file start.txt (compact mmCIF, C-alpha atoms (C1' of nucleotides))
# COMPACT_ATOMS: atom_id res chain seq x y z
CA MET A 1 0.00 0.00 0.00
CA ASN A 2 1.17 3.47 -0.85
CA ILE A 3 0.62 6.24 1.63
CA SER A 4 -2.68 7.49 0.27
CA ALA A 5 -4.14 4.00 0.26
CA VAL A 6 -3.20 3.38 3.88
CA ALA A 7 -4.32 6.86 4.86
CA ASP A 8 -7.74 6.28 3.33
CA ALA A 9 -7.99 2.88 4.97
CA ALA A 10 -6.99 4.27 8.35
CA GLY A 11 -9.21 7.31 8.07
CA LEU A 12 -6.33 9.74 8.42
CA PRO A 13 -4.93 12.48 6.19
CA VAL A 14 -1.79 11.56 4.26
CA LYS A 15 0.07 14.36 6.00
CA THR A 16 -0.79 12.92 9.37
CA VAL A 17 0.36 9.44 8.46
CA ARG A 18 3.71 10.88 7.41
CA TYR A 19 3.82 12.98 10.56
CA TYR A 20 3.21 9.98 12.80
CA SER A 21 6.24 8.17 11.53
CA ASP A 22 8.30 11.37 11.50
CA ILE A 23 7.80 11.65 15.23
CA GLY A 24 8.25 7.92 15.73
CA LEU A 25 4.71 7.28 16.92
CA VAL A 26 4.44 4.47 14.39
CA PRO A 27 7.47 2.70 12.91
CA ALA A 28 9.00 4.09 9.75
CA PRO A 29 7.54 2.16 6.82
CA ALA A 30 9.53 0.26 4.22
CA ARG A 31 10.38 2.12 1.04
CA SER A 32 9.95 1.17 -2.59
CA GLY A 33 12.92 1.38 -4.96
CA SER A 34 12.03 4.95 -5.79
CA GLY A 35 11.56 6.01 -2.18
CA TYR A 36 7.79 5.69 -1.85
CA ARG A 37 6.58 4.61 1.59
CA SER A 38 5.11 1.12 1.54
CA TYR A 39 2.66 -0.02 4.23
CA ASP A 40 1.48 -3.45 5.28
CA ASP A 41 -1.54 -4.56 7.28
CA SER A 42 0.28 -4.35 10.56
CA ALA A 43 1.09 -0.70 9.90
CA LEU A 44 -2.53 -0.09 8.97
CA ARG A 45 -3.75 -1.65 12.19
CA LYS A 46 -1.48 0.60 14.21
CA LEU A 47 -2.67 3.68 12.36
CA VAL A 48 -6.29 2.79 12.97
CA PHE A 49 -5.52 2.18 16.62
CA VAL A 50 -3.84 5.55 16.91
CA ARG A 51 -6.69 7.31 15.14
CA ARG A 52 -9.18 5.76 17.53
CA ALA A 53 -7.08 6.66 20.54
CA ARG A 54 -6.70 10.26 19.32
CA GLU A 55 -10.45 10.45 18.82
CA PHE A 56 -10.80 9.57 22.49
CA GLY A 57 -8.56 12.51 23.20
CA PHE A 58 -5.48 10.59 24.27
CA SER A 59 -2.39 12.68 23.66
CA VAL A 60 0.23 11.52 21.21
CA GLY A 61 2.37 10.54 24.17
CA GLU A 62 -0.42 8.43 25.60
CA CYS A 63 -1.01 6.93 22.18
CA ARG A 64 2.61 5.92 22.19
CA ASP A 65 2.14 4.16 25.52
CA LEU A 66 -1.13 2.56 24.46
CA LEU A 67 0.40 1.38 21.21
CA GLY A 68 3.21 -0.21 23.19
CA LEU A 69 0.65 -2.08 25.26
CA TYR A 70 -1.39 -2.93 22.18
CA GLU A 71 1.66 -4.56 20.67
CA ASN A 72 2.75 -6.23 23.87
CA ARG A 73 1.26 -9.66 24.37
CA ARG A 74 2.48 -9.79 27.95
CA ARG A 75 0.83 -6.53 28.96
CA SER A 76 -1.31 -6.26 32.06
CA SER A 77 -4.73 -4.82 31.48
CA ALA A 78 -4.09 -2.80 34.64
CA ASP A 79 -1.60 -0.65 32.75
CA VAL A 80 -4.12 0.07 30.04
CA LYS A 81 -6.82 0.77 32.55
CA ARG A 82 -4.67 3.23 34.44
CA ILE A 83 -4.13 5.34 31.34
CA ALA A 84 -7.76 5.18 30.32
CA ALA A 85 -9.01 6.00 33.79
CA ARG A 86 -6.78 9.04 33.92
CA ARG A 87 -8.17 10.23 30.60
CA LEU A 88 -11.66 9.56 31.84
CA GLU A 89 -11.07 11.77 34.84
CA GLU A 90 -9.73 14.52 32.57
CA ILE A 91 -12.85 14.30 30.49
CA ALA A 92 -15.01 14.51 33.58
CA GLU A 93 -13.06 17.50 34.80
CA LYS A 94 -13.48 19.29 31.50
CA GLN A 95 -17.16 18.49 31.56
CA ARG A 96 -17.47 20.16 34.93
CA GLU A 97 -15.63 23.22 33.65
CA LEU A 98 -17.78 23.44 30.57
CA GLN A 99 -20.90 22.98 32.62
CA SER A 100 -20.21 25.96 34.84
CA LEU A 101 -19.05 27.98 31.88
CA HIS A 102 -22.20 27.11 30.04
CA ASP A 103 -24.43 27.92 32.97
CA GLU A 104 -22.85 31.27 33.59
CA LEU A 105 -22.77 32.32 29.96
CA ALA A 106 -26.29 31.09 29.30
CA HIS A 107 -27.43 33.18 32.20
CA LEU A 108 -25.88 36.28 30.70
CA VAL A 109 -27.15 35.56 27.22
CA GLU A 110 -30.67 35.04 28.47
CA ALA A 111 -30.56 38.31 30.35
CA CYS A 112 -29.49 40.23 27.25
CA ARG A 113 -32.28 41.73 25.21
CA GLY A 114 -30.19 41.67 22.05
CA ASP A 115 -31.59 44.81 20.54
CA HIS A 116 -30.15 48.08 19.21
CA ARG A 117 -29.58 49.52 22.66
CA PRO A 118 -26.12 49.47 24.26
CA ASP A 119 -26.91 48.24 27.75
CA CYS A 120 -25.85 44.66 27.92
CA PRO A 121 -25.68 42.20 30.81
CA ILE A 122 -23.08 40.17 28.91
CA ILE A 123 -20.68 43.07 28.79
CA ASP A 124 -21.43 43.80 32.43
CA GLY A 125 -20.80 40.20 33.33
CA LEU A 126 -17.45 40.21 31.57
CA GLU A 127 -16.45 43.46 33.17
CA ALA A 128 -16.02 42.20 36.68
CA ARG A 129 -17.42 39.56 39.03
CA SER A 130 -14.43 37.26 39.56
CA PRO A 131 -11.75 39.52 41.09
CA ALA A 132 -8.65 37.78 39.73
CA ALA A 133 -9.16 34.12 39.06
CA PRO A 134 -6.25 32.21 40.55
CA ALA A 135 -6.66 29.17 38.29
CA ARG A 136 -7.25 30.12 34.69
CA ALA A 137 -8.01 26.63 33.53
CA PRO A 138 -10.87 26.80 31.04
CA ILE A 139 -8.93 28.81 28.49
CA ASP A 140 -8.65 26.59 25.51
CA ARG A 141 -10.40 25.93 22.28
CA PRO A 142 -8.08 25.00 19.45
CA GLY A 143 -10.52 23.10 17.29
CA MET B 1 1.38 51.36 37.29
CA ASN B 2 4.28 49.29 36.05
CA ILE B 3 3.59 46.07 34.24
CA SER B 4 3.78 43.74 37.21
CA ALA B 5 1.36 45.90 39.20
CA VAL B 6 -1.21 45.92 36.42
CA ALA B 7 -0.65 42.23 35.76
CA ASP B 8 -1.33 41.40 39.40
CA ALA B 9 -4.38 43.64 39.44
CA ALA B 10 -5.73 42.10 36.26
CA GLY B 11 -4.96 38.56 37.31
CA LEU B 12 -2.71 37.91 34.34
CA PRO B 13 0.95 36.95 33.97
CA VAL B 14 3.29 39.79 33.05
CA LYS B 15 4.24 37.96 29.87
CA THR B 16 0.63 37.81 28.82
CA VAL B 17 0.05 41.50 29.39
CA ARG B 18 3.04 42.27 27.19
CA TYR B 19 1.83 39.77 24.63
CA TYR B 20 -1.64 41.34 24.47
CA SER B 21 -0.26 44.68 23.45
CA ASP B 22 2.28 43.08 21.12
CA ILE B 23 -0.58 41.60 19.13
CA GLY B 24 -2.63 44.76 19.43
CA LEU B 25 -5.40 43.21 21.50
CA VAL B 26 -5.06 46.07 23.97
CA PRO B 27 -3.52 49.43 23.09
CA ALA B 28 0.21 49.90 23.54
CA PRO B 29 0.75 51.53 26.92
CA ALA B 30 2.59 54.78 27.53
CA ARG B 31 6.28 54.50 28.38
CA SER B 32 8.31 56.01 31.18
CA GLY B 33 11.48 57.92 30.40
CA SER B 34 13.50 54.75 30.67
CA GLY B 35 11.16 52.71 28.51
CA TYR B 36 9.06 51.02 31.19
CA ARG B 37 5.43 50.41 30.24
CA SER B 38 3.06 52.57 32.24
CA TYR B 39 -0.58 51.58 32.72
CA ASP B 40 -3.61 53.53 33.81
CA ASP B 41 -7.00 52.41 35.12
CA SER B 42 -8.52 52.26 31.68
CA ALA B 43 -5.83 49.85 30.56
CA LEU B 44 -6.42 47.77 33.67
CA ARG B 45 -10.15 47.59 32.99
CA LYS B 46 -9.50 46.35 29.48
CA LEU B 47 -7.10 43.71 30.72
CA VAL B 48 -9.60 42.47 33.27
CA PHE B 49 -12.26 42.38 30.61
CA VAL B 50 -10.03 40.35 28.33
CA ARG B 51 -9.09 37.96 31.09
CA ARG B 52 -12.73 37.35 31.87
CA ALA B 53 -13.59 36.86 28.22
CA ARG B 54 -10.71 34.42 27.78
CA GLU B 55 -11.88 32.50 30.83
CA PHE B 56 -15.20 32.09 29.07
CA GLY B 57 -13.26 30.59 26.20
CA PHE B 58 -13.66 33.43 23.73
CA SER B 59 -10.78 33.40 21.27
CA VAL B 60 -8.41 36.33 21.12
CA GLY B 61 -10.17 37.43 17.94
CA GLU B 62 -13.51 37.39 19.69
CA CYS B 63 -12.00 39.25 22.62
CA ARG B 64 -10.92 41.88 20.16
CA ASP B 65 -14.48 42.21 18.91
CA LEU B 66 -15.94 42.18 22.41
CA LEU B 67 -13.47 44.77 23.57
CA GLY B 68 -14.49 46.96 20.66
CA LEU B 69 -18.10 46.67 21.78
CA TYR B 70 -17.14 47.17 25.41
CA GLU B 71 -15.50 50.43 24.48
CA ASN B 72 -18.25 51.51 22.13
CA ARG B 73 -21.00 53.45 23.83
CA ARG B 74 -23.19 53.26 20.75
CA ARG B 75 -23.01 49.45 20.53
CA SER B 76 -26.13 47.36 20.12
CA SER B 77 -26.47 44.60 22.66
CA ALA B 78 -27.52 42.42 19.71
CA ASP B 79 -23.92 42.40 18.47
CA VAL B 80 -22.66 41.25 21.83
CA LYS B 81 -25.37 38.67 22.14
CA ARG B 82 -24.57 37.22 18.73
CA ILE B 83 -20.97 36.57 19.70
CA ALA B 84 -21.89 35.15 23.08
CA ALA B 85 -24.61 32.94 21.67
CA ARG B 86 -22.18 31.52 19.13
CA ARG B 87 -19.74 30.72 21.92
CA LEU B 88 -22.53 29.20 23.94
CA GLU B 89 -23.40 26.89 21.09
CA GLU B 90 -19.74 25.88 20.78
CA ILE B 91 -19.68 25.04 24.45
CA ALA B 92 -22.82 23.00 24.11
CA GLU B 93 -21.39 21.17 21.13
CA LYS B 94 -18.23 20.34 23.01
CA GLN B 95 -20.30 19.15 25.93
CA ARG B 96 -22.14 16.76 23.67
CA GLU B 97 -18.84 15.46 22.29
CA LEU B 98 -17.39 15.01 25.73
CA GLN B 99 -20.51 13.29 26.91
CA SER B 100 -20.39 10.61 24.26
CA LEU B 101 -16.65 10.28 24.68
CA HIS B 102 -17.11 9.88 28.39
CA ASP B 103 -19.87 7.34 28.03
CA GLU B 104 -17.96 5.22 25.59
CA LEU B 105 -14.69 5.33 27.49
CA ALA B 106 -16.37 4.74 30.84
CA HIS B 107 -17.98 1.70 29.35
CA LEU B 108 -14.63 0.31 28.30
CA VAL B 109 -12.96 1.15 31.58
CA GLU B 110 -15.70 -0.54 33.56
CA ALA B 111 -15.41 -3.65 31.46
CA CYS B 112 -11.67 -3.90 32.06
CA ARG B 113 -10.63 -6.03 34.98
CA GLY B 114 -7.38 -4.10 35.39
CA ASP B 115 -5.29 -7.04 36.54
CA HIS B 116 -2.04 -8.67 35.43
CA ARG B 117 -3.64 -10.44 32.49
CA PRO B 118 -3.33 -9.05 28.96
CA ASP B 119 -6.90 -9.34 27.73
CA CYS B 120 -8.36 -5.88 27.77
CA PRO B 121 -11.66 -4.50 26.51
CA ILE B 122 -10.13 -1.04 26.29
CA ILE B 123 -7.52 -2.19 23.80
CA ASP B 124 -10.20 -4.09 21.94
CA GLY B 125 -12.41 -1.02 21.87
CA LEU B 126 -9.61 1.09 20.45
CA GLU B 127 -8.74 -1.47 17.87
CA ALA B 128 -11.81 -1.13 15.73
CA ARG B 129 -15.50 -0.23 16.02
CA SER B 130 -15.71 3.01 14.07
CA PRO B 131 -14.51 2.08 10.55
CA ALA B 132 -13.02 5.43 9.55
CA ALA B 133 -14.59 8.35 11.33
CA PRO B 134 -15.40 11.01 8.76
CA ALA B 135 -15.41 13.89 11.23
CA ARG B 136 -12.48 13.75 13.59
CA ALA B 137 -13.67 16.58 15.77
CA PRO B 138 -13.00 15.66 19.40
CA ILE B 139 -9.25 15.58 18.99
CA ASP B 140 -7.99 18.34 21.19
CA ARG B 141 -6.74 18.84 24.67
CA PRO B 142 -4.08 21.51 24.94
CA GLY B 143 -4.59 22.41 28.60
C1' DC C 1 8.71 8.05 -26.93
C1' DC C 2 6.45 12.12 -25.21
C1' DT C 3 3.28 14.33 -22.35
C1' DA C 4 -0.22 15.34 -19.04
C1' DG C 5 -1.88 14.47 -14.69
C1' DT C 6 -1.68 12.59 -10.41
C1' DG C 7 0.98 10.72 -6.50
C1' DT C 8 4.98 11.06 -3.77
C1' DT C 9 9.17 12.98 -1.69
C1' DT C 10 11.53 16.56 1.39
C1' DC C 11 11.64 20.74 3.78
C1' DC C 12 9.98 25.00 5.68
C1' DA C 13 6.55 27.86 7.56
C1' DG C 14 2.26 28.81 9.94
C1' DT C 15 -1.46 27.81 13.23
C1' DT C 16 -3.23 29.29 18.87
C1' DA C 17 -2.12 31.64 22.77
C1' DC C 18 1.01 31.93 25.15
C1' DT C 19 5.55 30.59 28.03
C1' DG C 20 10.58 30.17 29.02
C1' DG C 21 14.91 31.97 28.79
C1' DA C 22 18.95 34.83 27.54
C1' DA C 23 21.30 39.27 27.48
C1' DG C 24 21.17 43.54 29.10
C1' DG C 25 19.24 48.20 31.04
C1' DT C 26 16.86 50.53 35.45
C1' DC C 27 15.60 51.47 40.06
C1' DA C 28 15.38 51.56 45.19
C1' DA C 29 17.53 50.12 49.41
C1' DG C 30 21.40 49.77 52.31
C1' DC D 1 28.49 51.21 45.07
C1' DT D 2 26.56 46.99 45.10
C1' DT D 3 22.81 43.89 45.36
C1' DG D 4 18.54 42.30 43.92
C1' DA D 5 14.17 42.99 41.97
C1' DC D 6 12.14 44.69 37.99
C1' DC D 7 12.09 45.99 33.31
C1' DT D 8 13.35 45.72 28.19
C1' DT D 9 13.81 43.09 23.57
C1' DC D 10 14.21 39.10 20.94
C1' DC D 11 14.25 34.23 19.93
C1' DA D 12 12.65 29.62 20.60
C1' DG D 13 9.46 26.15 22.00
C1' DT D 14 4.86 24.12 23.06
C1' DA D 15 0.75 20.27 20.53
C1' DA D 16 -0.46 18.23 16.76
C1' DC D 17 -0.81 18.94 12.87
C1' DT D 18 -1.64 21.64 8.09
C1' DG D 19 -0.41 24.20 3.85
C1' DG D 20 2.56 24.94 0.28
C1' DA D 21 6.76 24.88 -2.76
C1' DA D 22 10.04 22.40 -5.64
C1' DA D 23 11.22 18.29 -7.54
C1' DC D 24 10.96 13.33 -8.62
C1' DA D 25 7.89 8.92 -9.91
C1' DC D 26 4.30 6.52 -12.12
C1' DT D 27 0.46 5.63 -15.36
C1' DA D 28 -2.47 6.26 -19.37
C1' DG D 29 -3.18 8.21 -23.83
C1' DG D 30 -1.62 9.54 -28.25

call {"tool": "encode", "arguments": {"input": "start.txt", "output": "structure tokens"}}
result
Amino acid sequence: MNISAVADAAGLPVKTVRYYSDIGLVPAPARSGSGYRSYDDSALRKLVFVRRAREFGFSVGECRDLLGLYENRRRSSADVKRIAARRLEEIAEKQRELQSLHDELAHLVEACRGDHRPDCPIIDGLEARSPAAPARAPIDRPG
Amino acid sequence: MNISAVADAAGLPVKTVRYYSDIGLVPAPARSGSGYRSYDDSALRKLVFVRRAREFGFSVGECRDLLGLYENRRRSSADVKRIAARRLEEIAEKQRELQSLHDELAHLVEACRGDHRPDCPIIDGLEARSPAAPARAPIDRPG
DNA sequence: CCTAGTGTTTCCAGTTACTGGAAGGTCAAG
DNA sequence: CTTGACCTTCCAGTAACTGGAAACACTAGG
């Protein structure tokens, strides 16, 4: 399989497949005589596994660990579970953050008439309230 | 006020305050004779406003827009509401994503015995299931 | 055999919103 | 006058890709 075939099969962009072996997340594939990357089924399985793990929000580092366990027939499921449980707790934490964010913002939005006049509870709500948040966690939104 | 005073008052790191005027999010402050940045109360208010907006997850671009409205006495609250409602919908969307992620992962974690043996429903769940997700949205987690 | 078009290669730069660090100038206290 | 805290600029790095340029490879048609 050439790179675009394996990328299609794995559900990943070609660029990402290349990137994953650049950073050593998956092993460097064999090369054809002219230098084209050549993938086998084992490589495809790993790429699918990584895609799935990334969809769950595991970091590339965690994917590396999970892939090691995936490939290791003597693994203990405890090691896998530890990583997954940690991720689960992160998800739960982010859910709590988003929930309070949502509640507070929804409150402001509902209170705003949304007309041509300048007075706006949203602006007022952004102006003050929390004096100087010590933990500035919920600042992120790359996607 | 020197930069560290305004940064403390605004609840932001000094680096971030500098960064915000570098990118023109807030106006460049006046300078003392020796080149130190010098902030007044108006600058502080803007920094607080931006911090709050960032805590709500508004992007820097949105903060720019919101700050423009904040400063504009002839604004319509409708413009503010539009931006906030969009953000609110993003939050809700992410909540839905996280919810299904959480459910699916929790399911796998619960099914995993987490002992010394290699058989692991988490690994199995990562191996396949979704054939080649068309939308790979929930991949992010920078914080 | 030539050519057009698509696939592939490498490498470099850009994305978001900062953050860390180096090298050096300034200020207040003792 | 020295020490230490504070300030300046500039450059690099973060996560995980993504876009694009320049050049080589392969396939089908004429």

call {"tool": "calpha_fit_and_write", "arguments": {"input": "start.txt", "fixed": "chain B", "moving": "chain A", "output": "short mmCIF file (atom, residue, chain, number, x, y, z; two decimals) with C-alpha atoms, in the coordinates of the input"}}
result
data_model
loop_
_atom_site.label_atom_id
_atom_site.label_comp_id
_atom_site.auth_asym_id
_atom_site.auth_seq_id
_atom_site.Cartn_x
_atom_site.Cartn_y
_atom_site.Cartn_z
CA MET A 1 1.42 51.25 37.30
CA ASN A 2 4.31 49.19 36.06
CA ILE A 3 3.62 45.99 34.23
CA SER A 4 3.80 43.66 37.20
CA ALA A 5 1.41 45.81 39.19
CA VAL A 6 -1.18 45.85 36.43
CA ALA A 7 -0.65 42.16 35.76
CA ASP A 8 -1.31 41.32 39.40
CA ALA A 9 -4.35 43.58 39.45
CA ALA A 10 -5.72 42.05 36.27
CA GLY A 11 -4.97 38.50 37.31
CA LEU A 12 -2.74 37.85 34.32
CA PRO A 13 0.91 36.87 33.94
CA VAL A 14 3.27 39.71 33.03
CA LYS A 15 4.20 37.87 29.85
CA THR A 16 0.60 37.75 28.79
CA VAL A 17 0.03 41.44 29.39
CA ARG A 18 3.01 42.20 27.17
CA TYR A 19 1.77 39.71 24.61
CA TYR A 20 -1.67 41.29 24.46
CA SER A 21 -0.30 44.64 23.45
CA ASP A 22 2.24 43.03 21.11
CA ILE A 23 -0.61 41.58 19.11
CA GLY A 24 -2.66 44.76 19.43
CA LEU A 25 -5.43 43.20 21.50
CA VAL A 26 -5.08 46.04 23.98
CA PRO A 27 -3.53 49.41 23.10
CA ALA A 28 0.20 49.85 23.54
CA PRO A 29 0.76 51.47 26.93
CA ALA A 30 2.62 54.71 27.54
CA ARG A 31 6.29 54.43 28.39
CA SER A 32 8.33 55.95 31.19
CA GLY A 33 11.50 57.88 30.38
CA SER A 34 13.52 54.70 30.63
CA GLY A 35 11.16 52.65 28.49
CA TYR A 36 9.09 50.94 31.17
CA ARG A 37 5.46 50.33 30.24
CA SER A 38 3.09 52.49 32.26
CA TYR A 39 -0.56 51.50 32.72
CA ASP A 40 -3.58 53.47 33.84
CA ASP A 41 -6.96 52.35 35.14
CA SER A 42 -8.49 52.23 31.72
CA ALA A 43 -5.81 49.80 30.58
CA LEU A 44 -6.41 47.72 33.69
CA ARG A 45 -10.13 47.56 33.02
CA LYS A 46 -9.50 46.32 29.50
CA LEU A 47 -7.10 43.66 30.73
CA VAL A 48 -9.60 42.42 33.28
CA PHE A 49 -12.28 42.36 30.62
CA VAL A 50 -10.06 40.35 28.32
CA ARG A 51 -9.12 37.93 31.08
CA ARG A 52 -12.77 37.34 31.86
CA ALA A 53 -13.63 36.86 28.21
CA ARG A 54 -10.75 34.40 27.75
CA GLU A 55 -11.93 32.49 30.80
CA PHE A 56 -15.26 32.09 29.03
CA GLY A 57 -13.32 30.60 26.17
CA PHE A 58 -13.73 33.45 23.71
CA SER A 59 -10.86 33.43 21.24
CA VAL A 60 -8.46 36.34 21.10
CA GLY A 61 -10.21 37.45 17.94
CA GLU A 62 -13.57 37.42 19.68
CA CYS A 63 -12.04 39.25 22.61
CA ARG A 64 -10.96 41.90 20.17
CA ASP A 65 -14.52 42.25 18.92
CA LEU A 66 -15.98 42.21 22.42
CA LEU A 67 -13.48 44.79 23.59
CA GLY A 68 -14.51 47.00 20.69
CA LEU A 69 -18.12 46.72 21.80
CA TYR A 70 -17.16 47.20 25.44
CA GLU A 71 -15.51 50.47 24.52
CA ASN A 72 -18.25 51.56 22.17
CA ARG A 73 -21.00 53.51 23.85
CA ARG A 74 -23.19 53.30 20.77
CA ARG A 75 -23.03 49.52 20.54
CA SER A 76 -26.14 47.42 20.16
CA SER A 77 -26.50 44.67 22.69
CA ALA A 78 -27.55 42.50 19.74
CA ASP A 79 -23.97 42.46 18.50
CA VAL A 80 -22.70 41.31 21.86
CA LYS A 81 -25.41 38.73 22.14
CA ARG A 82 -24.63 37.28 18.74
CA ILE A 83 -21.03 36.62 19.71
CA ALA A 84 -21.95 35.20 23.08
CA ALA A 85 -24.67 32.99 21.66
CA ARG A 86 -22.25 31.57 19.13
CA ARG A 87 -19.80 30.75 21.91
CA LEU A 88 -22.60 29.23 23.91
CA GLU A 89 -23.46 26.92 21.06
CA GLU A 90 -19.80 25.92 20.75
CA ILE A 91 -19.74 25.08 24.41
CA ALA A 92 -22.88 23.02 24.06
CA GLU A 93 -21.43 21.21 21.09
CA LYS A 94 -18.26 20.38 22.97
CA GLN A 95 -20.33 19.18 25.88
CA ARG A 96 -22.13 16.77 23.60
CA GLU A 97 -18.83 15.50 22.23
CA LEU A 98 -17.38 15.04 25.67
CA GLN A 99 -20.51 13.32 26.85
CA SER A 100 -20.36 10.63 24.20
CA LEU A 101 -16.63 10.32 24.64
CA HIS A 102 -17.09 9.93 28.34
CA ASP A 103 -19.85 7.39 27.99
CA GLU A 104 -17.93 5.25 25.57
CA LEU A 105 -14.67 5.37 27.47
CA ALA A 106 -16.35 4.79 30.82
CA HIS A 107 -17.96 1.74 29.34
CA LEU A 108 -14.60 0.35 28.31
CA VAL A 109 -12.93 1.21 31.58
CA GLU A 110 -15.68 -0.45 33.57
CA ALA A 111 -15.38 -3.58 31.49
CA CYS A 112 -11.64 -3.82 32.10
CA ARG A 113 -10.60 -5.93 35.05
CA GLY A 114 -7.36 -4.01 35.45
CA ASP A 115 -5.28 -6.91 36.62
CA HIS A 116 -2.01 -8.54 35.52
CA ARG A 117 -3.60 -10.34 32.60
CA PRO A 118 -3.29 -8.98 29.05
CA ASP A 119 -6.85 -9.27 27.81
CA CYS A 120 -8.31 -5.83 27.84
CA PRO A 121 -11.62 -4.46 26.57
CA ILE A 122 -10.08 -0.99 26.32
CA ILE A 123 -7.48 -2.15 23.86
CA ASP A 124 -10.15 -4.08 21.99
CA GLY A 125 -12.35 -1.02 21.90
CA LEU A 126 -9.56 1.11 20.48
CA GLU A 127 -8.67 -1.49 17.92
CA ALA A 128 -11.73 -1.15 15.76
CA ARG A 129 -15.42 -0.28 16.04
CA SER A 130 -15.65 2.97 14.08
CA PRO A 131 -14.47 2.05 10.56
CA ALA A 132 -12.96 5.40 9.53
CA ALA A 133 -14.53 8.34 11.27
CA PRO A 134 -15.31 10.98 8.68
CA ALA A 135 -15.34 13.88 11.16
CA ARG A 136 -12.45 13.73 13.57
CA ALA A 137 -13.67 16.53 15.75
CA PRO A 138 -13.00 15.61 19.37
CA ILE A 139 -9.23 15.59 18.98
CA ASP A 140 -8.01 18.33 21.18
CA ARG A 141 -6.71 18.84 24.64
CA PRO A 142 -4.05 21.51 24.89
CA GLY A 143 -4.47 22.42 28.53
#

call {"tool": "closest_atom_pairs", "arguments": {"input": "start.txt", "of": "chain D", "to": "chain A", "cutoff": "9 Å", "atoms": "all atoms listed in the file", "output": "CSV"}}
result
residue,atom,partner,partner_atom,distance
D:DA15,C1',A:Ser59,CA,8.8
D:DA16,C1',A:Val60,CA,8.1
D:DC17,C1',A:Thr16,CA,7.0
D:DT18,C1',A:Lys15,CA,7.8
D:DC24,C1',A:Ser34,CA,8.9
D:DA25,C1',A:Ser34,CA,7.1

call {"tool": "closest_atom_pairs", "arguments": {"input": "start.txt", "of": "chain B", "to": "chain A", "cutoff": "7 Å", "atoms": "only C-alpha atoms", "output": "tab-separated table"}}
result
residue	atom	partner	partner_atom	distance
B:Ala10	CA	A:Ala132	CA	6.3
B:Gly11	CA	A:Ala132	CA	4.5
B:Val48	CA	A:Glu127	CA	6.9
B:Phe49	CA	A:Glu127	CA	5.0
B:Arg52	CA	A:Leu126	CA	5.5
B:Ala53	CA	A:Leu126	CA	6.1
B:Arg54	CA	A:Ile139	CA	5.9
B:Glu55	CA	A:Ile139	CA	5.3
B:Phe56	CA	A:Leu101	CA	6.3
B:Gly57	CA	A:Ile139	CA	5.2
B:Tyr70	CA	A:Ile123	CA	6.4
B:Arg73	CA	A:Pro118	CA	6.5
B:Arg74	CA	A:Pro118	CA	5.9
B:Arg75	CA	A:Pro118	CA	4.9
B:Ser76	CA	A:His116	CA	4.2
B:Ser77	CA	A:Gly114	CA	4.8
B:Ala78	CA	A:Gly114	CA	3.6
B:Lys81	CA	A:Gly114	CA	5.7
B:Ala84	CA	A:Val109	CA	6.7
B:Ala85	CA	A:Val109	CA	6.6
B:Leu88	CA	A:His102	CA	6.5
B:Ile91	CA	A:His102	CA	6.5
B:Gln95	CA	A:Gln95	CA	6.5
B:Leu98	CA	A:Ile91	CA	6.6
B:Leu101	CA	A:Phe56	CA	6.3
B:His102	CA	A:Leu88	CA	6.5
B:Leu105	CA	A:Leu88	CA	6.8
B:Ala106	CA	A:Leu88	CA	6.8
B:Val109	CA	A:Lys81	CA	6.2
B:Cys112	CA	A:Lys81	CA	6.8
B:Arg113	CA	A:Ser77	CA	7.0
B:Gly114	CA	A:Ala78	CA	3.6
B:Asp115	CA	A:Ala78	CA	4.8
B:His116	CA	A:Ser76	CA	4.2
B:Arg117	CA	A:Ser76	CA	4.8
B:Pro118	CA	A:Ser76	CA	4.6
B:Asp119	CA	A:Ser77	CA	6.3
B:Cys120	CA	A:Ser77	CA	5.3
B:Ile123	CA	A:Tyr70	CA	6.4
B:Leu126	CA	A:Arg52	CA	5.5
B:Glu127	CA	A:Phe49	CA	5.0
B:Ala132	CA	A:Gly11	CA	4.5
B:Ala133	CA	A:Gly11	CA	6.4
B:Arg136	CA	A:Glu55	CA	6.5
B:Pro138	CA	A:Glu55	CA	5.8
B:Ile139	CA	A:Gly57	CA	5.3
B:Asp140	CA	A:Gly57	CA	6.2
B:Arg141	CA	A:Gly57	CA	6.7
B:Pro142	CA	A:Asp140	CA	6.9
B:Gly143	CA	A:Asp140	CA	6.6

call {"tool": "residues_around", "arguments": {"input": "start.txt", "residues": "C:DA23", "least_positions_apart": "2", "cutoff": "10 Å", "atoms": "only C-alpha atoms (C1' of nucleotides)", "output": "tab-separated table (two decimals) with C-alpha atoms (C1' of nucleotides), keeping the file's coordinate frame"}}
result
chain	number	residue	atom	x	y	z
C	21	DG	C1'	14.91	31.97	28.79
C	25	DG	C1'	19.24	48.20	31.04
D	9	DT	C1'	13.81	43.09	23.57
D	10	DC	C1'	14.21	39.10	20.94

call {"tool": "interface_residues", "arguments": {"input": "start.txt", "of": "chain C", "to": "chain B", "cutoff": "9 Å", "atoms": "all atoms listed in the file", "output": "JSON, numbers by chain"}}
result
{"C": [16, 17, 18, 19, 25, 26]}

call {"tool": "atom_distance", "arguments": {"input": "start.txt", "atom1": "atom C1' of D:DG29", "atom2": "atom C1' of C:DT3"}}
result
9.0 Å
